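Have a look at the structure below before the remarks.
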Protein chains: 2
Amino acid sequence: MNRRVTLADVAELSGVSAITVSRVLNQPEKVSEAVKIKVTAAINKLGYIPNRSASALASARSGVIGVVIPSLSNNVFNDVLRGIYEVTSPAGYQVVLVDTHYSPIEEERMIRTLLGQAPEAMIVTGSNQTEHARKLLAKAQIPIVQIMDKVQEPIDMNVGFCHRKAAMEVVEMLLAEGYNTLGFLGARMDPRAQQRLKGYRLAMEQAELLNEDLVITTPRPSSIAMGCELFKGLISSSGGLCDAVFCVNDDLALGALFECQRMNISVPRQMAICGFNDMEASALVNPPLSSVRVPRYEMGVKATEMVLQTIKGEDVAERVVDCGYEIKMRESTRMVV
Amino acid sequence: MNRRVTLADVAELSGVSAITVSRVLNQPEKVSEAVKIKVTAAINKLGYIPNRSASALASARSGVIGVVIPSLSNNVFNDVLRGIYEVTSPAGYQVVLVDTHYSPIEEERMIRTLLGQAPEAMIVTGSNQTEHARKLLAKAQIPIVQIMDKVQEPIDMNVGFCHRKAAMEVVEMLLAEGYNTLGFLGARMDPRAQQRLKGYRLAMEQAELLNEDLVITTPRPSSIAMGCELFKGLISSSGGLCDAVFCVNDDLALGALFECQRMNISVPRQMAICGFNDMEASALVNPPLSSVRVPRYEMGVKATEMVLQTIKGEDVAERVVDCGYEIKMRESTRMVV
DNA sequence: TTGTAAGCGTTATCAT
DNA sequence: ATGATAACGCTTACAA
């Protein structure tokens, strides 16, 4: 049988000890040039690939970073992931990714199995872990970054921004622009969506314009189609009085826009639309959709840099980073006089 | 220091041997009820989490499935990934995912590091691996599925469809609908895009309508914005004579559509547009975009089922699966008389 | 610069 | 049903 090639095989073929082969791979500066050449030749000849499990076990370093996201289908996390890989990949770390389907219970289970890989660090989304999951994470004694949200009491480190504040600011800008009957569309209603809704409510209340009939939400998954559906709900629930709508994300906003096009509602003349996340399509549809640009990729990069720094024993200057956001007001919310 | 809890700790606390604890976890049917209860209590009390590396080393089963995709930003792979997780997750397997950035050289490097995890199976995209990468994979002696493409000579198993044939069929349908001056927009031009272009060329040649001036491609990444740009290129390159355009994917098609809206080109009256992949937006824009529905999620599920079956030692009935596609003709390509 | 010996935490094998 | 012992493939600690 084609038994797997091990360090011992390479050692034997090159006439050195196993540890020397290991050094050639991991601390080449400690090995003489001559030996290095011999060993490298043997490695190539045999097609030796080091066994990570053995290495992890012996060195107590798994080379794994655990990443916990709520959804693989939500494109928002693509960009975060890209940022994470951008840093882990050159550093030689592997990512083990799990998807919790927005469920804290599943999340706890997945964190548990992830910890079985003895990850050297974890990047987790948000802060609504179960009490037990938080304990597990804390007990793991590894660097942990909570991303996306600005977290009240971080388990360890945090990179994110305040969704409530962002939403509030958007709504205030829309009101300042002259819209009054401003509806809200929300789907999935995960913690970040909840925060955005809270921001909407606060701003509307402050302006004494809050009308719960204009708040249309569903726990069902968010999608463009859902945006169409919720928008129709808003139209009927508001008796057609709405002059603007703030959507919890760009998918819903696109759905609302496409639905307006079908209903012959002119945007922004009859209906202003604002989204959240600033996905690529938003700036390119007609009219361009206002949205909130969120540094997703950068969050991934930053979070990963923070954990790698900690692993290396370096000090992380800012353990809580507010990465901010940028409100992009475009034609879809420009008051027409 | 808070040393990690091991099997031995649990064994000691529950007054049994380590192997018994291991059995409670992995083969509970072989352990008496009384011992099971004692051990479970100890596990919970200590918060014991099994070390996967040790387990992998001792059992020669890593519980890891390696997944190689060309791009994390391409939403097409989200759905495939979702399908993969749908199967691996309940089966207790972890996914280690790598992104090759569409580069066979990077791919070879990533496959090598992935193999270091001693994955029990691999799912890789397409067939343009380097010769060496193919050798590495073959030598690994694990089940391997190549997905997305229909592969000429599979390394092991294959789930995909023929992109050339799909494109050819689409173009034939468009010609049958009455369009003649049919352009092509392509970006990235990875192997699947190349196949689609080939299909376009074949169909156009067959109809004696091929005009290379109408083929606009770029090696740069695909995006909606790129669709806008390429479409403008087509308009100028064709002297405004095009009556239809087949885009290598839906991002480009959306870009073309949005650009038409801005240029006041009526779709489909003055310009028919057809995409590929049938992403969610395509059916919801105005007019709805024709596209080719591809069973991405299903491919992920199927490929994973095939490898898990093989791991279990079961026979896989069909080692090469053509998962097909479905051409969705919508209003964007409906000939108006 | 190189090597020896021990051990990482688990499971396979063989006993009892 | 339970346990003793020896791997698994690598790295750490120490020695030469």
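Ordered as shown in the structure tokens, chains take letters A, B, and onward, while each chain numbers its residues from 1 and ligands are numbered from 1 in the order shown.
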
Using only C-alpha atoms (C1' of nucleotides), determine which residues of chain D fall within 8 Å of chain B; present them as a PyMOL selection string.
-> chain D and resi 1-3+7-9

What residues in stretch 69-275 of chain A get the DSSP label helix (DSSP H, G or I)? Please answer as a PyMOL selection string.
-> chain A and resi 76-88+104-116+131-139+163-177+191-206+212-214+224-237+250-263

Could you name the residues that touch stretch 114-119 of chain B at 9 Å or less, counting only C-alpha atoms (C1' of nucleotides), but leaving out those on the same chain fewer than 4 positions away, as a short mmCIF file (atom, residue, chain, number, x, y, z; two decimals) with C-alpha atoms, in the first residue's frame?
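Output below, filename out-v8.cif:
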```cif
data_model
loop_
_atom_site.label_atom_id
_atom_site.label_comp_id
_atom_site.auth_asym_id
_atom_site.auth_seq_id
_atom_site.Cartn_x
_atom_site.Cartn_y
_atom_site.Cartn_z
CA ILE A 49 3.84 16.83 2.90
CA PRO A 50 4.05 17.50 6.64
CA ASN A 51 1.18 16.23 8.71
CA ARG A 52 -0.48 19.19 10.38
CA SER A 53 -2.17 17.11 13.04
CA GLN A 94 -5.76 27.85 7.74
CA ALA B 56 -6.72 12.63 13.75
CA ALA B 60 -5.84 8.51 10.72
CA ARG B 61 -9.14 10.29 10.25
CA SER B 62 -8.97 14.06 10.30
CA GLY B 63 -12.64 14.85 9.93
CA VAL B 64 -11.63 17.48 7.42
CA ILE B 65 -12.94 18.03 3.92
CA GLY B 66 -10.79 20.29 1.79
CA VAL B 67 -12.56 22.68 -0.54
CA VAL B 68 -10.79 24.62 -3.26
CA VAL B 96 -11.16 23.83 5.27
CA LEU B 97 -11.66 26.26 2.46
CA VAL B 98 -9.03 27.86 0.27
CA ARG B 109 0.33 25.70 -3.39
CA MET B 110 -3.00 25.69 -1.58
CA LEU B 136 -0.62 15.46 -5.62
CA LEU B 137 -4.34 14.93 -5.56
CA ALA B 140 -3.44 11.46 -1.77
CA ILE B 142 -8.74 10.18 -1.07
#
```

Test item: residues at most 10 Å from A:Lys165, only C-alpha atoms (C1' of nucleotides), excluding those fewer than 2 positions along its chain, as a VMD selection string | chain A and resid 161 to 163 167 to 171 195 to 196 198 to 200 202 to 203

Selection above as a file: N, CA and C atoms, as a JSON list (two decimals), in the first residue's frame:
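Wrote it out as result03.json, contents follow:
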```json
[["chain", "number", "residue", "atom", "x", "y", "z"],
["A", 161, "PHE", "N", -18.86, 48.58, 14.26],
["A", 161, "PHE", "CA", -19.39, 49.93, 14.37],
["A", 161, "PHE", "C", -20.79, 49.84, 14.93],
["A", 162, "CYS", "N", -21.33, 50.99, 15.29],
["A", 162, "CYS", "CA", -22.64, 51.02, 15.92],
["A", 162, "CYS", "C", -23.74, 51.11, 14.86],
["A", 163, "HIS", "N", -24.47, 50.04, 14.68],
["A", 163, "HIS", "CA", -25.51, 50.00, 13.67],
["A", 163, "HIS", "C", -26.67, 50.92, 14.03],
["A", 167, "ALA", "N", -27.90, 53.97, 11.58],
["A", 167, "ALA", "CA", -29.29, 54.05, 11.11],
["A", 167, "ALA", "C", -29.91, 55.38, 11.53],
["A", 168, "MET", "N", -29.63, 55.75, 12.75],
["A", 168, "MET", "CA", -30.19, 57.00, 13.27],
["A", 168, "MET", "C", -29.73, 58.17, 12.41],
["A", 169, "GLU", "N", -28.47, 58.17, 12.12],
["A", 169, "GLU", "CA", -27.90, 59.26, 11.34],
["A", 169, "GLU", "C", -28.52, 59.31, 9.94],
["A", 170, "VAL", "N", -28.69, 58.14, 9.34],
["A", 170, "VAL", "CA", -29.31, 58.08, 8.02],
["A", 170, "VAL", "C", -30.71, 58.67, 8.06],
["A", 171, "VAL", "N", -31.47, 58.24, 9.04],
["A", 171, "VAL", "CA", -32.85, 58.70, 9.13],
["A", 171, "VAL", "C", -32.90, 60.21, 9.35],
["A", 195, "GLN", "N", -30.71, 46.56, 15.73],
["A", 195, "GLN", "CA", -30.07, 47.82, 16.09],
["A", 195, "GLN", "C", -30.41, 48.92, 15.09],
["A", 196, "ARG", "N", -30.46, 48.56, 13.84],
["A", 196, "ARG", "CA", -30.78, 49.56, 12.82],
["A", 196, "ARG", "C", -32.23, 50.02, 12.99],
["A", 198, "LYS", "N", -33.80, 50.03, 15.77],
["A", 198, "LYS", "CA", -33.81, 50.87, 16.96],
["A", 198, "LYS", "C", -33.38, 52.30, 16.60],
["A", 199, "GLY", "N", -32.36, 52.39, 15.77],
["A", 199, "GLY", "CA", -31.88, 53.71, 15.34],
["A", 199, "GLY", "C", -32.96, 54.47, 14.59],
["A", 200, "TYR", "N", -33.64, 53.74, 13.72],
["A", 200, "TYR", "CA", -34.76, 54.35, 12.97],
["A", 200, "TYR", "C", -35.81, 54.88, 13.94],
["A", 202, "LEU", "N", -35.58, 55.62, 17.12],
["A", 202, "LEU", "CA", -35.11, 56.74, 17.93],
["A", 202, "LEU", "C", -35.19, 58.05, 17.15],
["A", 203, "ALA", "N", -34.71, 58.01, 15.93],
["A", 203, "ALA", "CA", -34.69, 59.24, 15.13],
["A", 203, "ALA", "C", -36.10, 59.70, 14.82]]
```

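For the atom pair formed by atom CA of A:Thr6 and atom CA of B:Gln141, the distance is 15.4 Å, given to one decimal.
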
Select all residues from chain C having any atom no more than 7 Å from an atom of chain A (counting only C-alpha atoms (C1' of nucleotides), ignoring ligands), output as a list in words.
->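 Per the criterion, chain C yields DT1, DG3 and DC8 of chain C.
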
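Distances to chain A were evaluated for B:Met271, B:Met279, B:Ile224, B:Ile37 using only C-alpha atoms, and the minimum falls at B:Ile224.
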
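For the residues B:Asn211, B:Gln261, B:Ser290, B:Ser238, ranking by smallest atom-to-atom distance to chain A using only C-alpha atoms places B:Gln261 first.
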
One decimal, Å: what's the distance from atom CA of B:Ser223 over to atom CA of B:Gln194, could you say?
->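 These two atoms are separated by 16.8 Å.
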
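The strand (DSSP E or B) portion of stretch 141-272 of chain A consists of Ile144, Val145, Gln146, Ile147, Met148, Asp149, Met157, Asn158, Val159, Gly160, Phe161, Leu182, Gly183, Phe184, Leu185, Gly186, Ala187, Val215, Ile216, Thr217, Thr218, Ala244, Val245, Phe246, Cys247 and Ala272 of chain A, with states taken from DSSP on the backbone.
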
Save the residues we just selected, N, CA and C atoms, as a PDB file, in the first residue's frame?
```
ATOM      1  N   ILE A 144      -9.488  36.497  20.658  1.00  0.00           N
ATOM      2  CA  ILE A 144     -10.811  36.438  20.042  1.00  0.00           C
ATOM      3  C   ILE A 144     -11.210  37.846  19.621  1.00  0.00           C
ATOM      4  N   VAL A 145     -11.706  37.968  18.407  1.00  0.00           N
ATOM      5  CA  VAL A 145     -12.246  39.264  17.990  1.00  0.00           C
ATOM      6  C   VAL A 145     -13.710  39.078  17.637  1.00  0.00           C
ATOM      7  N   GLN A 146     -14.530  39.905  18.186  1.00  0.00           N
ATOM      8  CA  GLN A 146     -15.928  39.957  17.756  1.00  0.00           C
ATOM      9  C   GLN A 146     -16.018  41.030  16.687  1.00  0.00           C
ATOM     10  N   ILE A 147     -16.596  40.692  15.556  1.00  0.00           N
ATOM     11  CA  ILE A 147     -16.637  41.649  14.461  1.00  0.00           C
ATOM     12  C   ILE A 147     -18.064  42.068  14.107  1.00  0.00           C
ATOM     13  N   MET A 148     -18.161  43.037  13.228  1.00  0.00           N
ATOM     14  CA  MET A 148     -19.412  43.590  12.702  1.00  0.00           C
ATOM     15  C   MET A 148     -20.039  44.615  13.633  1.00  0.00           C
ATOM     16  N   ASP A 149     -20.434  44.165  14.795  1.00  0.00           N
ATOM     17  CA  ASP A 149     -21.057  45.048  15.774  1.00  0.00           C
ATOM     18  C   ASP A 149     -20.033  45.767  16.618  1.00  0.00           C
ATOM     19  N   MET A 157     -11.426  41.089  22.053  1.00  0.00           N
ATOM     20  CA  MET A 157     -11.233  42.280  21.231  1.00  0.00           C
ATOM     21  C   MET A 157     -12.472  42.504  20.362  1.00  0.00           C
ATOM     22  N   ASN A 158     -12.517  43.630  19.698  1.00  0.00           N
ATOM     23  CA  ASN A 158     -13.717  43.986  18.946  1.00  0.00           C
ATOM     24  C   ASN A 158     -13.387  44.938  17.785  1.00  0.00           C
ATOM     25  N   VAL A 159     -13.930  44.611  16.628  1.00  0.00           N
ATOM     26  CA  VAL A 159     -13.854  45.519  15.478  1.00  0.00           C
ATOM     27  C   VAL A 159     -15.248  45.632  14.889  1.00  0.00           C
ATOM     28  N   GLY A 160     -15.792  46.815  14.888  1.00  0.00           N
ATOM     29  CA  GLY A 160     -17.134  46.963  14.339  1.00  0.00           C
ATOM     30  C   GLY A 160     -17.579  48.408  14.417  1.00  0.00           C
ATOM     31  N   PHE A 161     -18.860  48.581  14.261  1.00  0.00           N
ATOM     32  CA  PHE A 161     -19.386  49.934  14.372  1.00  0.00           C
ATOM     33  C   PHE A 161     -20.793  49.843  14.935  1.00  0.00           C
ATOM     34  N   LEU A 182     -41.629  58.343   6.634  1.00  0.00           N
ATOM     35  CA  LEU A 182     -40.512  57.477   6.313  1.00  0.00           C
ATOM     36  C   LEU A 182     -40.754  56.083   6.873  1.00  0.00           C
ATOM     37  N   GLY A 183     -40.889  55.126   5.981  1.00  0.00           N
ATOM     38  CA  GLY A 183     -41.127  53.752   6.409  1.00  0.00           C
ATOM     39  C   GLY A 183     -39.840  52.984   6.665  1.00  0.00           C
ATOM     40  N   PHE A 184     -40.006  51.807   7.235  1.00  0.00           N
ATOM     41  CA  PHE A 184     -38.857  50.944   7.515  1.00  0.00           C
ATOM     42  C   PHE A 184     -39.156  49.538   7.028  1.00  0.00           C
ATOM     43  N   LEU A 185     -38.234  48.965   6.273  1.00  0.00           N
ATOM     44  CA  LEU A 185     -38.367  47.564   5.871  1.00  0.00           C
ATOM     45  C   LEU A 185     -37.238  46.748   6.487  1.00  0.00           C
ATOM     46  N   GLY A 186     -37.603  45.650   7.108  1.00  0.00           N
ATOM     47  CA  GLY A 186     -36.574  44.805   7.717  1.00  0.00           C
ATOM     48  C   GLY A 186     -36.881  43.333   7.549  1.00  0.00           C
ATOM     49  N   ALA A 187     -35.844  42.543   7.296  1.00  0.00           N
ATOM     50  CA  ALA A 187     -36.025  41.095   7.219  1.00  0.00           C
ATOM     51  C   ALA A 187     -34.938  40.431   8.038  1.00  0.00           C
ATOM     52  N   VAL A 215     -43.580  50.479   9.942  1.00  0.00           N
ATOM     53  CA  VAL A 215     -42.474  49.560  10.217  1.00  0.00           C
ATOM     54  C   VAL A 215     -42.882  48.154   9.783  1.00  0.00           C
ATOM     55  N   ILE A 216     -42.293  47.706   8.699  1.00  0.00           N
ATOM     56  CA  ILE A 216     -42.660  46.393   8.164  1.00  0.00           C
ATOM     57  C   ILE A 216     -41.464  45.459   8.295  1.00  0.00           C
ATOM     58  N   THR A 217     -41.587  44.460   9.130  1.00  0.00           N
ATOM     59  CA  THR A 217     -40.462  43.529   9.284  1.00  0.00           C
ATOM     60  C   THR A 217     -40.936  42.089   9.232  1.00  0.00           C
ATOM     61  N   THR A 218     -39.974  41.226   9.010  1.00  0.00           N
ATOM     62  CA  THR A 218     -40.250  39.797   9.017  1.00  0.00           C
ATOM     63  C   THR A 218     -39.017  39.072   9.524  1.00  0.00           C
ATOM     64  N   ALA A 244     -40.918  57.930   1.661  1.00  0.00           N
ATOM     65  CA  ALA A 244     -39.548  57.416   1.686  1.00  0.00           C
ATOM     66  C   ALA A 244     -39.512  56.119   2.480  1.00  0.00           C
ATOM     67  N   VAL A 245     -38.486  55.313   2.197  1.00  0.00           N
ATOM     68  CA  VAL A 245     -38.355  54.072   2.952  1.00  0.00           C
ATOM     69  C   VAL A 245     -36.881  53.785   3.212  1.00  0.00           C
ATOM     70  N   PHE A 246     -36.628  53.430   4.467  1.00  0.00           N
ATOM     71  CA  PHE A 246     -35.275  53.049   4.862  1.00  0.00           C
ATOM     72  C   PHE A 246     -35.262  51.536   5.009  1.00  0.00           C
ATOM     73  N   CYS A 247     -34.395  50.877   4.252  1.00  0.00           N
ATOM     74  CA  CYS A 247     -34.363  49.417   4.265  1.00  0.00           C
ATOM     75  C   CYS A 247     -33.157  48.936   5.052  1.00  0.00           C
ATOM     76  N   ALA A 272     -38.650  57.896  -1.986  1.00  0.00           N
ATOM     77  CA  ALA A 272     -37.199  57.827  -1.786  1.00  0.00           C
ATOM     78  C   ALA A 272     -36.858  56.468  -1.184  1.00  0.00           C
TER      79      ALA A 272
END
```

Using only C-alpha atoms, find the one residue out of A:Asn249, A:Asn286, A:Thr130, A:Gln27 that sits nearest to A:Pro268.
-> A:Asn286

Give the answer as one residue: which of B:Asp190, B:Glu177, B:Asp99, B:Asp156 has the shortest atom-to-atom distance to chain A, using only C-alpha atoms?
->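 Ranking B:Asp190, B:Glu177, B:Asp99, B:Asp156 by distance to chain A, first place goes to B:Asp99.
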
With only C-alpha atoms (C1' of nucleotides) as the counted atoms, please give the residues lying no more than 8 Å from A:Leu209, apart from itself and same-chain residues fewer than 5 positions off, as a PDB file with N, CA and C atoms, in the first residue's frame.
```
ATOM      1  N   ASN A 180     -40.983  63.038   5.427  1.00  0.00           N
ATOM      2  CA  ASN A 180     -41.588  62.888   6.761  1.00  0.00           C
ATOM      3  C   ASN A 180     -42.143  61.500   6.994  1.00  0.00           C
ATOM      4  N   THR A 181     -42.813  61.007   5.985  1.00  0.00           N
ATOM      5  CA  THR A 181     -43.503  59.736   6.173  1.00  0.00           C
ATOM      6  C   THR A 181     -42.568  58.628   5.730  1.00  0.00           C
ATOM      7  N   MET A 204     -36.966  58.750  14.514  1.00  0.00           N
ATOM      8  CA  MET A 204     -38.348  59.110  14.176  1.00  0.00           C
ATOM      9  C   MET A 204     -39.083  59.647  15.395  1.00  0.00           C
TER      10      MET A 204
END
```

Exercise: A:Phe231 partners within 8 Å, only C-alpha atoms (C1' of nucleotides), chain neighbours under 3 positions left out, as a list in words =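 Everything that qualifies: Leu185, Gly227, Cys228, Leu234, Ile235, Gly255, Ala256 and Glu259 of chain A.
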
Selection file, N, CA and C atoms, as a compact mmCIF listing (two decimals), in the first residue's frame:
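Here's the written file selection33.txt:
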```txt
# COMPACT_ATOMS: atom_id res chain seq x y z
N LEU A 185 -38.23 48.96 6.27
CA LEU A 185 -38.37 47.56 5.87
C LEU A 185 -37.24 46.75 6.49
N GLY A 227 -37.68 42.07 -0.43
CA GLY A 227 -37.81 43.53 -0.51
C GLY A 227 -39.04 43.93 -1.28
N CYS A 228 -39.30 43.24 -2.39
CA CYS A 228 -40.49 43.51 -3.19
C CYS A 228 -41.73 43.31 -2.33
N LEU A 234 -45.75 47.68 2.78
CA LEU A 234 -45.66 49.06 3.26
C LEU A 234 -46.67 49.96 2.54
N ILE A 235 -46.76 49.77 1.24
CA ILE A 235 -47.69 50.57 0.45
C ILE A 235 -49.12 50.39 0.96
N GLY A 255 -35.10 45.42 -3.93
CA GLY A 255 -36.44 44.88 -4.13
C GLY A 255 -37.47 46.00 -4.17
N ALA A 256 -37.34 46.93 -3.24
CA ALA A 256 -38.27 48.06 -3.20
C ALA A 256 -38.17 48.87 -4.49
N GLU A 259 -39.67 47.04 -7.41
CA GLU A 259 -41.12 47.03 -7.26
C GLU A 259 -41.70 48.40 -7.64
```

Residue neighbourhood stretch 325-333 of chain B, 8 Å, only C-alpha atoms (C1' of nucleotides), exclusion window fewer than 3 positions, as a PyMOL selection string | chain B and resi 161+166+170+174+244+267-268+272-274+278+283+287-295

Write a file of the just-selected residues containing C-alpha atoms, as a tab-separated table (two decimals), in the first residue's frame.
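This went into selection.tsv:
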```tsv
chain	number	residue	atom	x	y	z
B	161	PHE	CA	-22.23	20.57	-16.66
B	166	ALA	CA	-25.18	25.67	-22.39
B	170	VAL	CA	-28.64	29.91	-25.39
B	174	LEU	CA	-31.59	33.88	-29.26
B	244	ALA	CA	-28.65	41.54	-28.52
B	267	VAL	CA	-34.61	46.45	-23.46
B	268	PRO	CA	-35.53	44.24	-25.22
B	272	ALA	CA	-31.87	42.06	-25.85
B	273	ILE	CA	-29.74	40.96	-22.90
B	274	CYS	CA	-29.04	37.49	-21.64
B	278	ASP	CA	-29.47	33.11	-12.83
B	283	ALA	CA	-35.49	37.61	-12.35
B	287	PRO	CA	-37.31	43.81	-17.56
B	288	PRO	CA	-36.49	40.43	-16.04
B	289	LEU	CA	-33.22	39.14	-17.45
B	290	SER	CA	-32.93	35.90	-19.33
B	291	SER	CA	-30.26	33.69	-17.87
B	292	VAL	CA	-29.10	30.12	-17.40
B	293	ARG	CA	-30.09	28.57	-14.14
B	294	VAL	CA	-27.30	26.50	-12.70
B	295	PRO	CA	-27.86	24.09	-9.79
```

For B:Ser266, the nearest of the candidates B:Val76, B:Val336, B:Ala176, B:Glu298, counting only C-alpha atoms =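 Among the listed residues, the smallest separation from B:Ser266 belongs to B:Val336.
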
From atom CA of B:Tyr179 to atom CA of B:Val337 the spacing works out at 11.9 Å
